[in-house]
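Novice: My file is target-v2.pdb. It has PDB, C-alpha atoms, pLDDT in the B column:
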```pdb
MODEL        1
ATOM      1  CA  MET X  34       0.000   0.000   0.000  1.00 68.00           C
ATOM      2  CA  LYS X  35       2.779   2.436   0.913  1.00 73.00           C
ATOM      3  CA  LYS X  36       4.597   1.554  -2.322  1.00 74.00           C
ATOM      4  CA  LYS X  37       1.545   2.443  -4.471  1.00 74.00           C
ATOM      5  CA  PHE X  38       1.075   5.692  -2.553  1.00 68.00           C
ATOM      6  CA  ALA X  39       4.744   6.637  -3.047  1.00 71.00           C
ATOM      7  CA  ILE X  40       4.506   5.924  -6.786  1.00 75.00           C
ATOM      8  CA  ALA X  41       1.337   8.025  -7.049  1.00 70.00           C
ATOM      9  CA  ILE X  42       2.962  10.950  -5.224  1.00 71.00           C
ATOM     10  CA  ALA X  43       6.058  10.741  -7.443  1.00 67.00           C
ATOM     11  CA  ALA X  44       3.893  10.728 -10.579  1.00 65.00           C
ATOM     12  CA  VAL X  45       1.893  13.757  -9.423  1.00 61.00           C
ATOM     13  CA  LEU X  46       5.035  15.704  -8.559  1.00 60.00           C
ATOM     14  CA  SER X  47       6.704  14.913 -11.887  1.00 58.00           C
ATOM     15  CA  VAL X  48       3.642  16.091 -13.834  1.00 53.00           C
ATOM     16  CA  HIS X  49       3.196  19.145 -11.631  1.00 47.00           C
ATOM     17  CA  THR X  50       6.790  20.346 -11.987  1.00 45.00           C
ATOM     18  CA  SER X  51       6.849  19.954 -15.781  1.00 42.00           C
ATOM     19  CA  ALA X  52       4.410  22.864 -16.114  1.00 46.00           C
ATOM     20  CA  TYR X  53       7.144  25.168 -14.853  1.00 52.00           C
ATOM     21  CA  ALA X  54       9.557  24.097 -17.580  1.00 53.00           C
ATOM     22  CA  ILE X  55       8.274  26.826 -19.956  1.00 72.00           C
ATOM     23  CA  ASN X  56       8.351  30.540 -19.295  1.00 84.00           C
ATOM     24  CA  ALA X  57       5.262  32.718 -18.833  1.00 83.00           C
ATOM     25  CA  LYS X  58       5.491  34.446 -22.228  1.00 86.00           C
ATOM     26  CA  TYR X  59       5.717  31.130 -24.098  1.00 84.00           C
ATOM     27  CA  ARG X  60       2.796  29.752 -22.068  1.00 83.00           C
ATOM     28  CA  GLN X  61       0.703  32.832 -23.015  1.00 84.00           C
ATOM     29  CA  GLN X  62       1.572  32.368 -26.686  1.00 85.00           C
ATOM     30  CA  LEU X  63       0.482  28.728 -26.505  1.00 83.00           C
ATOM     31  CA  GLU X  64      -2.791  29.695 -24.836  1.00 84.00           C
ATOM     32  CA  ARG X  65      -3.548  32.494 -27.330  1.00 85.00           C
ATOM     33  CA  SER X  66      -2.728  30.348 -30.359  1.00 84.00           C
ATOM     34  CA  GLY X  67      -4.420  27.172 -29.164  1.00 84.00           C
ATOM     35  CA  CYS X  68      -1.205  25.269 -29.932  1.00 83.00           C
ATOM     36  CA  THR X  69       0.465  22.701 -27.745  1.00 80.00           C
ATOM     37  CA  GLN X  70       4.183  22.029 -27.706  1.00 77.00           C
ATOM     38  CA  ALA X  71       3.496  18.904 -29.798  1.00 74.00           C
ATOM     39  CA  SER X  72       1.296  20.687 -32.368  1.00 74.00           C
ATOM     40  CA  GLU X  73       3.826  23.532 -32.614  1.00 76.00           C
ATOM     41  CA  ALA X  74       6.417  20.960 -33.681  1.00 70.00           C
ATOM     42  CA  GLN X  75       3.963  19.906 -36.420  1.00 70.00           C
ATOM     43  CA  GLY X  76       3.580  23.467 -37.733  1.00 73.00           C
ATOM     44  CA  CYS X  77       0.998  25.130 -35.475  1.00 79.00           C
ATOM     45  CA  ASP X  78       2.015  28.816 -35.405  1.00 83.00           C
ATOM     46  CA  ILE X  79       2.128  30.309 -31.900  1.00 84.00           C
ATOM     47  CA  THR X  80       2.128  33.836 -33.324  1.00 86.00           C
ATOM     48  CA  LYS X  81      -1.371  33.329 -34.804  1.00 85.00           C
ATOM     49  CA  THR X  82      -4.768  33.195 -33.104  1.00 85.00           C
ATOM     50  CA  LYS X  83      -6.732  30.065 -32.257  1.00 82.00           C
ATOM     51  CA  GLU X  84      -9.087  30.773 -35.175  1.00 82.00           C
ATOM     52  CA  GLU X  85      -6.223  31.131 -37.667  1.00 81.00           C
ATOM     53  CA  ASN X  86      -4.609  27.891 -36.495  1.00 76.00           C
ATOM     54  CA  ALA X  87      -7.973  26.082 -36.546  1.00 76.00           C
ATOM     55  CA  LYS X  88      -8.463  27.241 -40.132  1.00 75.00           C
ATOM     56  CA  ALA X  89      -5.021  25.836 -40.963  1.00 71.00           C
ATOM     57  CA  GLY X  90      -6.192  22.453 -39.695  1.00 68.00           C
ATOM     58  CA  PHE X  91      -4.902  22.309 -36.121  1.00 70.00           C
ATOM     59  CA  ASP X  92      -7.144  21.248 -33.228  1.00 70.00           C
ATOM     60  CA  THR X  93      -7.240  24.385 -31.087  1.00 69.00           C
ATOM     61  CA  GLY X  94     -10.611  23.861 -29.428  1.00 67.00           C
ATOM     62  CA  VAL X  95     -12.263  26.394 -31.756  1.00 59.00           C
ATOM     63  CA  PRO X  96     -15.285  24.964 -33.578  1.00 57.00           C
ATOM     64  CA  VAL X  97     -14.587  24.464 -37.284  1.00 51.00           C
ATOM     65  CA  GLU X  98     -17.626  26.593 -38.183  1.00 52.00           C
ATOM     66  CA  LYS X  99     -16.170  29.617 -36.364  1.00 51.00           C
ATOM     67  CA  ALA X 100     -12.793  29.151 -38.037  1.00 48.00           C
ATOM     68  CA  LYS X 101     -14.452  29.003 -41.464  1.00 49.00           C
ATOM     69  CA  THR X 102     -16.462  32.176 -40.910  1.00 49.00           C
ATOM     70  CA  SER X 103     -13.447  34.391 -40.331  1.00 49.00           C
ATOM     71  CA  ASN X 104     -12.887  37.163 -42.874  1.00 52.00           C
ATOM     72  CA  GLN X 105     -10.038  35.579 -44.807  1.00 61.00           C
ATOM     73  CA  THR X 106      -9.401  32.112 -46.191  1.00 72.00           C
ATOM     74  CA  SER X 107      -5.868  30.874 -46.713  1.00 77.00           C
ATOM     75  CA  TYR X 108      -6.708  30.186 -50.373  1.00 81.00           C
ATOM     76  CA  ALA X 109      -7.652  33.810 -51.080  1.00 83.00           C
ATOM     77  CA  GLY X 110      -5.455  35.727 -53.463  1.00 84.00           C
ATOM     78  CA  GLN X 111      -3.888  35.560 -56.900  1.00 88.00           C
ATOM     79  CA  TRP X 112      -2.294  32.332 -58.127  1.00 89.00           C
ATOM     80  CA  VAL X 113      -0.432  31.371 -61.301  1.00 91.00           C
ATOM     81  CA  ALA X 114      -0.338  27.910 -62.852  1.00 91.00           C
ATOM     82  CA  VAL X 115       3.044  27.495 -64.560  1.00 92.00           C
ATOM     83  CA  GLY X 116       3.636  25.196 -67.531  1.00 90.00           C
ATOM     84  CA  PRO X 117       6.542  22.790 -68.080  1.00 87.00           C
ATOM     85  CA  THR X 118       8.410  25.403 -70.126  1.00 87.00           C
ATOM     86  CA  GLY X 119       7.842  28.187 -67.588  1.00 88.00           C
ATOM     87  CA  GLY X 120       4.918  29.891 -69.347  1.00 90.00           C
ATOM     88  CA  THR X 121       1.632  30.752 -67.674  1.00 90.00           C
ATOM     89  CA  VAL X 122      -1.043  28.094 -68.087  1.00 90.00           C
ATOM     90  CA  ALA X 123      -3.681  30.020 -66.123  1.00 92.00           C
ATOM     91  CA  THR X 124      -4.170  32.909 -63.742  1.00 92.00           C
ATOM     92  CA  ILE X 125      -6.350  32.053 -60.783  1.00 91.00           C
ATOM     93  CA  ARG X 126      -8.186  34.380 -58.422  1.00 90.00           C
ATOM     94  CA  ILE X 127      -9.792  33.178 -55.189  1.00 88.00           C
ATOM     95  CA  ASP X 128     -11.819  35.495 -52.969  1.00 86.00           C
ATOM     96  CA  ALA X 129     -12.505  35.361 -49.211  1.00 81.00           C
ATOM     97  CA  LYS X 130     -15.593  33.189 -49.791  1.00 86.00           C
ATOM     98  CA  GLU X 131     -13.493  30.689 -51.782  1.00 87.00           C
ATOM     99  CA  ARG X 132     -15.113  31.587 -55.080  1.00 90.00           C
ATOM    100  CA  VAL X 133     -12.678  30.803 -57.894  1.00 92.00           C
ATOM    101  CA  TRP X 134     -12.014  32.384 -61.291  1.00 93.00           C
ATOM    102  CA  VAL X 135      -9.643  30.811 -63.814  1.00 92.00           C
ATOM    103  CA  ASN X 136      -8.541  33.253 -66.524  1.00 91.00           C
ATOM    104  CA  GLY X 137     -11.444  35.515 -65.522  1.00 89.00           C
ATOM    105  CA  LYS X 138     -14.126  32.791 -65.775  1.00 92.00           C
ATOM    106  CA  PRO X 139     -15.880  31.498 -62.636  1.00 94.00           C
ATOM    107  CA  VAL X 140     -15.479  27.796 -61.832  1.00 94.00           C
ATOM    108  CA  LYS X 141     -16.888  25.609 -59.068  1.00 94.00           C
ATOM    109  CA  ALA X 142     -14.427  24.565 -56.390  1.00 93.00           C
ATOM    110  CA  LYS X 143     -14.579  22.079 -53.532  1.00 93.00           C
ATOM    111  CA  ARG X 144     -12.384  21.211 -50.576  1.00 89.00           C
ATOM    112  CA  SER X 145     -10.723  17.841 -50.658  1.00 84.00           C
ATOM    113  CA  ASP X 146      -8.234  16.544 -48.083  1.00 80.00           C
ATOM    114  CA  GLY X 147      -6.972  19.986 -47.030  1.00 79.00           C
ATOM    115  CA  ALA X 148      -6.883  21.375 -50.562  1.00 87.00           C
ATOM    116  CA  LEU X 149      -9.136  23.402 -52.834  1.00 91.00           C
ATOM    117  CA  VAL X 150      -9.791  21.473 -56.062  1.00 94.00           C
ATOM    118  CA  PHE X 151     -11.420  22.819 -59.225  1.00 94.00           C
ATOM    119  CA  HIS X 152     -11.589  22.014 -62.943  1.00 92.00           C
ATOM    120  CA  GLN X 153     -11.646  23.947 -66.166  1.00 92.00           C
ATOM    121  CA  GLY X 154     -12.039  21.714 -69.184  1.00 92.00           C
ATOM    122  CA  VAL X 155      -9.521  18.848 -68.964  1.00 93.00           C
ATOM    123  CA  ILE X 156      -7.302  20.660 -66.459  1.00 93.00           C
ATOM    124  CA  THR X 157      -7.626  19.965 -62.725  1.00 94.00           C
ATOM    125  CA  TYR X 158      -6.173  22.498 -60.279  1.00 94.00           C
ATOM    126  CA  THR X 159      -5.267  21.625 -56.667  1.00 91.00           C
ATOM    127  CA  ILE X 160      -4.216  24.335 -54.212  1.00 90.00           C
ATOM    128  CA  GLN X 161      -3.163  23.509 -50.645  1.00 83.00           C
ATOM    129  CA  GLY X 162      -4.592  25.680 -47.863  1.00 72.00           C
ATOM    130  CA  ASP X 163      -1.370  26.032 -45.893  1.00 68.00           C
ATOM    131  CA  ARG X 164       0.785  28.583 -47.697  1.00 64.00           C
ATOM    132  CA  ARG X 165       3.811  27.522 -45.644  1.00 65.00           C
ATOM    133  CA  LEU X 166       3.874  24.307 -47.709  1.00 64.00           C
ATOM    134  CA  LYS X 167       5.771  25.355 -50.815  1.00 69.00           C
ATOM    135  CA  GLY X 168       5.416  23.398 -54.037  1.00 71.00           C
ATOM    136  CA  GLU X 169       2.217  21.625 -52.936  1.00 80.00           C
ATOM    137  CA  GLY X 170      -0.166  23.346 -55.392  1.00 87.00           C
ATOM    138  CA  TYR X 171      -0.303  21.829 -58.854  1.00 89.00           C
ATOM    139  CA  TRP X 172      -2.361  21.479 -62.014  1.00 92.00           C
ATOM    140  CA  SER X 173      -2.702  18.474 -64.309  1.00 92.00           C
ATOM    141  CA  ASP X 174      -4.029  18.125 -67.853  1.00 90.00           C
ATOM    142  CA  SER X 175      -5.715  14.737 -68.261  1.00 90.00           C
ATOM    143  CA  ASP X 176      -5.718  15.014 -72.066  1.00 91.00           C
ATOM    144  CA  ALA X 177      -2.091  16.046 -72.702  1.00 89.00           C
ATOM    145  CA  LYS X 178      -0.799  14.152 -69.618  1.00 91.00           C
ATOM    146  CA  THR X 179       1.135  17.202 -68.409  1.00 91.00           C
ATOM    147  CA  LYS X 180       1.295  18.877 -65.034  1.00 91.00           C
ATOM    148  CA  GLY X 181       3.013  21.727 -63.279  1.00 92.00           C
ATOM    149  CA  PRO X 182       3.151  23.885 -60.152  1.00 92.00           C
ATOM    150  CA  ILE X 183       0.795  26.591 -58.951  1.00 89.00           C
ATOM    151  CA  HIS X 184       2.386  29.554 -57.143  1.00 87.00           C
ATOM    152  CA  ALA X 185       0.839  32.373 -55.124  1.00 84.00           C
ATOM    153  CA  GLU X 186       1.563  35.833 -56.479  1.00 78.00           C
TER     154      GLU X 186
ENDMDL
END
```
Rewrite the coordinates I just gave you, this time as structure tokens.
Specialist:
Amino acid sequence: MKKKFAIAIAAVLSVHTSAYAINAKYRQQLERSGCTQASEAQGCDITKTKEENAKAGFDTGVPVEKAKTSNQTSYAGQWVAVGPTGGTVATIRIDAKERVWVNGKPVKAKRSDGALVFHQGVITYTIQGDRRLKGEGYWSDSDAKTKGPIHAE
């Protein structure tokens, strides 16, 4: 009985003292951002808000609906699809409501596995939501069997 009690006390003390291993400023940043030390190592940004990190796909305790209703989406902006020879295949514009225009013409877009996917003719465009991931956006032409990168402007 005494052995179990001693083990329990040791466990409580080891957990309790680990909370003091980080400084107050870092703890405040974690609380504001909704990140944990583990999620920060996976890319959660402690300089952003809980809503911004939730929108980027991290579990911050913010309901997904609230994260989606913020003013800006990570897809919003101007994008360029670049061909194999370096020329422009398409110019893409995405607004805050995730409406998409390819070369000035509206197209329907949907989210799929953390990306925004849309088609124009035989070309499929896939843009990742996390702009920190470079080289993840791409286009592919199912007819010509070609593909290339999509870059934010």
Novice: Measure the distance from CA of Lys88 (chain X) to CA of Gly162 (chain X) in Å and round it to one decimal.
Specialist: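 Atom-to-atom, CA of Lys88 (chain X) and CA of Gly162 (chain X) are spaced 8.8 Å apart.
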Novice: For this file, the PyMOL selection byres ((chain X and resi 152) around 10) selects which residues, as a ChimeraX atom specification?
Specialist: /X:135,140-143,150-151,153-159,172-174
Novice: In Å, rounded to a single decimal, give me how far CA of His184 (chain X) is from CA of Glu169 (chain X).
Specialist: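 It comes out at 9.0 Å.
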Novice: Just say which residues the PyMOL selection byres ((chain X and resi 61-69) around 9) picks in this file, as a ChimeraX atom specification.
Specialist: /X:56-60,70-74,77-87,91-95
Novice: Could you write those residues out with C-alpha atoms, as a CSV table (one decimal), in the frame of the given file?
Specialist:
```csv
chain,number,residue,atom,x,y,z
X,56,ASN,CA,8.4,30.5,-19.3
X,57,ALA,CA,5.3,32.7,-18.8
X,58,LYS,CA,5.5,34.4,-22.2
X,59,TYR,CA,5.7,31.1,-24.1
X,60,ARG,CA,2.8,29.8,-22.1
X,70,GLN,CA,4.2,22.0,-27.7
X,71,ALA,CA,3.5,18.9,-29.8
X,72,SER,CA,1.3,20.7,-32.4
X,73,GLU,CA,3.8,23.5,-32.6
X,74,ALA,CA,6.4,21.0,-33.7
X,77,CYS,CA,1.0,25.1,-35.5
X,78,ASP,CA,2.0,28.8,-35.4
X,79,ILE,CA,2.1,30.3,-31.9
X,80,THR,CA,2.1,33.8,-33.3
X,81,LYS,CA,-1.4,33.3,-34.8
X,82,THR,CA,-4.8,33.2,-33.1
X,83,LYS,CA,-6.7,30.1,-32.3
X,84,GLU,CA,-9.1,30.8,-35.2
X,85,GLU,CA,-6.2,31.1,-37.7
X,86,ASN,CA,-4.6,27.9,-36.5
X,87,ALA,CA,-8.0,26.1,-36.5
X,91,PHE,CA,-4.9,22.3,-36.1
X,92,ASP,CA,-7.1,21.2,-33.2
X,93,THR,CA,-7.2,24.4,-31.1
X,94,GLY,CA,-10.6,23.9,-29.4
X,95,VAL,CA,-12.3,26.4,-31.8
```
Novice: I want to know what sits within 9 Å of Tyr108 (chain X), based on all atoms listed in the file, with residues of the same chain fewer than 4 positions away left out; could you give that as a PyMOL selection string?
Specialist: chain X and resi 127-129+131+148-149+160-164
